[in-house]
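For reference, upload.txt is printed below; it contains compact mmCIF, C-alpha atoms.
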```txt
# COMPACT_ATOMS: atom_id res chain seq x y z
CA MET A 17 -1.23 -27.22 -4.10
CA ALA A 18 2.29 -25.82 -3.62
CA TYR A 19 3.21 -23.62 -0.67
CA ILE A 20 6.01 -21.26 0.25
CA LYS A 21 7.11 -20.48 3.80
CA LEU A 22 7.57 -16.85 4.81
CA GLN A 23 9.15 -15.58 8.01
CA SER A 24 8.16 -12.17 9.35
CA SER A 25 10.63 -9.71 10.84
CA ASP A 26 9.58 -10.82 14.32
CA GLY A 27 10.20 -14.51 13.54
CA LYS A 28 6.66 -15.80 12.94
CA MET A 29 6.30 -18.40 10.17
CA PHE A 30 3.56 -18.36 7.53
CA GLU A 31 2.78 -21.01 4.95
CA VAL A 32 1.34 -19.37 1.85
CA ASP A 33 -0.22 -20.77 -1.30
CA VAL A 34 2.29 -20.12 -4.13
CA GLU A 35 -0.42 -18.55 -6.31
CA ALA A 36 -1.18 -16.03 -3.55
CA ALA A 37 2.54 -15.39 -3.05
CA LYS A 38 2.82 -14.58 -6.76
CA THR A 39 0.72 -11.44 -6.25
CA SER A 40 4.11 -10.18 -5.06
CA VAL A 41 6.52 -9.69 -7.96
CA THR A 42 9.39 -10.23 -5.52
CA LEU A 43 8.08 -13.54 -4.16
CA GLY A 44 6.92 -14.61 -7.61
CA ARG A 45 10.46 -14.25 -8.96
CA MET A 46 11.83 -16.21 -6.00
CA VAL A 47 9.39 -19.04 -6.66
CA GLU A 48 10.33 -19.07 -10.37
CA ASP A 49 14.07 -18.97 -9.62
CA LEU A 50 13.99 -21.59 -6.89
CA GLY A 51 11.02 -23.57 -8.12
CA PRO A 52 8.27 -24.67 -5.74
CA GLY A 53 9.15 -27.63 -3.61
CA LYS A 54 12.88 -26.91 -3.38
CA ASP A 55 14.12 -26.39 0.17
CA ASP A 56 10.56 -26.59 1.48
CA ASP A 57 11.74 -26.21 5.06
CA GLU A 58 13.71 -23.03 4.36
CA PRO A 59 11.49 -19.96 4.91
CA VAL A 60 11.90 -16.71 2.98
CA PRO A 61 12.84 -14.05 5.55
CA LEU A 62 10.95 -10.78 5.20
CA PHE A 63 13.00 -8.41 7.34
CA ASN A 64 10.80 -5.36 6.75
CA VAL A 65 7.37 -6.87 7.47
CA ASN A 66 6.12 -7.83 10.94
CA ALA A 67 3.73 -10.73 11.61
CA ALA A 68 0.57 -8.63 12.04
CA ILE A 69 1.09 -6.83 8.73
CA LEU A 70 2.24 -9.97 6.91
CA ALA A 71 -0.94 -11.75 8.02
CA LYS A 72 -3.01 -8.94 6.48
CA VAL A 73 -0.93 -8.94 3.29
CA ILE A 74 -1.44 -12.71 2.98
CA LYS A 75 -5.19 -12.33 3.55
CA TRP A 76 -5.32 -9.70 0.77
CA ALA A 77 -3.19 -11.88 -1.54
CA GLN A 78 -5.43 -14.94 -0.98
CA LYS A 79 -8.49 -12.87 -1.92
CA HIS A 80 -6.86 -11.41 -5.03
CA LYS A 81 -4.68 -14.30 -6.27
CA ASP A 82 -6.95 -14.99 -9.25
CA ASP A 83 -7.32 -11.33 -10.26
CA PRO A 84 -5.87 -10.29 -13.61
CA PRO A 85 -2.60 -8.38 -13.24
CA PRO A 86 -3.15 -4.66 -12.69
CA PRO A 87 -2.56 -2.57 -15.82
CA ASP A 88 0.69 -0.67 -16.20
CA ASP A 89 0.51 2.95 -15.15
CA ASP A 90 -0.22 5.35 -17.96
CA GLU A 91 1.25 8.70 -17.03
CA ASN A 92 -1.35 10.55 -19.10
CA LYS A 93 -4.30 8.64 -17.67
CA GLU A 94 -6.26 10.34 -14.94
CA LYS A 95 -5.93 8.47 -11.66
CA ARG A 96 -9.20 7.45 -10.01
CA THR A 97 -9.74 6.92 -6.31
CA ASP A 98 -13.43 6.01 -6.42
CA ASP A 99 -12.97 2.53 -7.88
CA ILE A 100 -12.00 0.61 -4.73
CA ASP A 101 -13.61 -2.82 -4.49
CA PRO A 102 -16.08 -3.09 -1.54
CA TRP A 103 -14.10 -6.01 -0.05
CA ASP A 104 -10.92 -3.88 -0.15
CA GLN A 105 -12.74 -0.90 1.38
CA GLU A 106 -13.80 -3.07 4.30
CA PHE A 107 -10.36 -4.72 4.54
CA LEU A 108 -8.67 -1.30 4.74
CA LYS A 109 -10.83 0.03 7.57
CA VAL A 110 -7.79 0.03 9.84
CA ASP A 111 -5.92 2.61 11.89
CA GLN A 112 -3.49 4.91 10.08
CA GLY A 113 -0.42 3.12 11.42
CA THR A 114 -1.60 -0.20 9.98
CA LEU A 115 -2.54 1.44 6.67
CA PHE A 116 0.91 2.99 6.30
CA GLU A 117 2.59 -0.30 7.29
CA LEU A 118 0.54 -2.03 4.56
CA ILE A 119 1.75 0.57 2.05
CA LEU A 120 5.36 -0.08 3.07
CA ALA A 121 4.89 -3.86 2.89
CA ALA A 122 3.18 -3.68 -0.52
CA ASN A 123 6.03 -1.53 -1.80
CA TYR A 124 8.71 -3.80 -0.28
CA LEU A 125 7.10 -6.95 -1.72
CA ASP A 126 6.17 -5.25 -5.01
CA ILE A 127 2.43 -5.96 -4.83
CA LYS A 128 1.05 -3.34 -7.22
CA GLY A 129 -2.62 -4.09 -6.58
CA LEU A 130 -2.28 -3.71 -2.82
CA LEU A 131 -0.07 -0.64 -3.16
CA ASP A 132 -2.61 0.99 -5.48
CA VAL A 133 -5.60 0.34 -3.24
CA THR A 134 -3.82 1.45 -0.04
CA CYS A 135 -2.57 4.65 -1.68
CA LYS A 136 -6.05 5.36 -3.07
CA THR A 137 -7.39 4.98 0.46
CA VAL A 138 -4.92 7.59 1.73
CA ALA A 139 -5.78 9.85 -1.23
CA ASN A 140 -9.45 9.60 -0.28
CA MET A 141 -8.55 10.62 3.29
CA ILE A 142 -6.96 13.80 1.88
CA LYS A 143 -9.40 14.63 -0.92
CA GLY A 144 -11.41 17.80 -0.37
CA LYS A 145 -9.64 18.80 2.85
CA THR A 146 -7.90 22.03 3.66
CA PRO A 147 -4.21 21.92 4.62
CA GLU A 148 -5.24 22.41 8.25
CA GLU A 149 -7.65 19.47 8.10
CA ILE A 150 -4.98 17.29 6.49
CA ARG A 151 -2.51 18.23 9.23
CA LYS A 152 -5.08 17.29 11.86
CA THR A 153 -5.96 14.00 10.13
CA PHE A 154 -2.33 12.90 9.91
CA ASN A 155 -1.07 14.65 13.05
CA ILE A 156 1.36 16.84 11.10
CA LYS A 157 2.87 19.84 12.85
CA ASN A 158 2.71 23.10 10.89
CA ASP A 159 6.27 24.41 10.91
CA PHE A 160 5.61 27.31 8.51
CA THR A 161 5.50 30.86 9.75
CA PRO A 162 2.36 32.73 8.60
CA GLU A 163 4.51 34.60 6.08
CA GLU A 164 5.98 31.38 4.65
CA GLU A 165 2.54 29.83 4.44
CA GLU A 166 1.17 32.84 2.55
CA GLN A 167 4.10 32.69 0.11
CA VAL A 168 3.45 28.98 -0.57
CA ARG A 169 -0.23 29.71 -1.18
CA LYS A 170 0.63 32.46 -3.68
CA GLU A 171 3.15 30.24 -5.50
CA ASN A 172 0.57 27.47 -5.82
CA GLU A 173 -2.56 29.45 -6.65
CA TRP A 174 -2.57 27.83 -10.08
CA CYS A 175 -3.46 24.42 -8.66
CA GLU A 176 -6.36 25.54 -6.47
CA GLU A 177 -9.85 24.57 -7.58
CA LYS A 178 -12.00 27.57 -8.37
```
Since I need it in another form, could you write the structure as structure tokens?
Amino acid sequence: MAYIKLQSSDGKMFEVDVEAAKTSVTLGRMVEDLGPGKDDDEPVPLFNVNAAILAKVIKWAQKHKDDPPPPDDDENKEKRTDDIDPWDQEFLKVDQGTLFELILAANYLDIKGLLDVTCKTVANMIKGKTPEEIRKTFNIKNDFTPEEEEQVRKENEWCEEK
């Protein structure tokens, strides 16, 4: 089995199965361009991903390395958030900081499956909540005056569920 070495932003080294690494389009292209086994001792530096997050990304990639590639987005297709695999649901029971770091890492490494499931998790955290509840959940300060807030509500009445 071929491996690729990855180095996190904080200098920790990880040896990853090439098939798991290929869940990342970015790493997959590197493996194809360089070929496995070339410069085995030279790690791929990942400047935007720390060791704790990279370890979780690798764990996710190992679990999903044999999955079929996720389908391309269809702009007209309704997006679902209730189709998260039970393993992924358990895997993503993390604090908000970790969840958002996973989103950033999945985006940076171009791992569509991980990006989709992390974003669906955030969407589920928002679904059905009032703006005030969302602000509380994500610790967002309301910087609207009451008048500005009322104007925004009026401008967006069309999208409210009735």
Using all atoms listed in the file, which residues sit within 12 Å of A:Asp111 once same-chain residues fewer than 6 positions away are excluded, as a ChimeraX atom specification?
/A:117-118,137-138,153-154
Among the residues A:Val133, A:Leu62, A:Ile127, A:Ala36, the one that comes closest to A:His80 [using all atoms listed in the file]:
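That would be A:Ala36, the residue with the smallest distance to A:His80.
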Please compute the atom CA of A:Trp174-atom CA of A:Glu149 distance, one decimal, in Å.
20.6 Å
So the first atom is atom CA of A:Pro162 and the second is atom CA of A:Lys143; what is the distance between them in Å, to one decimal place?
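So the two atoms, atom CA of A:Pro162 and atom CA of A:Lys143, lie 23.6 Å apart.
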Would you pick out the contacts of A:Thr42 at 10 Å or less, using all atoms listed in the file, so that residues sharing its chain but fewer than 6 positions from it are not included, and give the list as number ranges by chain?
A: 124-127
Distance in Å - atom CA of A:Ser25 versus atom CA of A:Ala67:
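Distance between the two atoms: 7.0 Å.
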Residues within 9 Å of A:Leu22, all atoms listed in the file, excluding chain neighbours under 5 positions, as a count of residues only
11
Find the residues near stretch 101-109 of chain A: any atom within 12 Å, counting only C-alpha atoms, skip ones fewer than 2 places away on the same chain, and give them as an NGL selection string.
:A and (69 or 72-73 or 75-77 or 79-80 or 97-99 or 111-119 or 129-138 or 140-141)
Which residue out of A:Ile156, A:Ile150, A:Ala122, A:Met17 has the minimum interatomic distance to A:Thr39 when all atoms listed in the file are used?
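Among the listed residues, the smallest separation from A:Thr39 belongs to A:Ala122.
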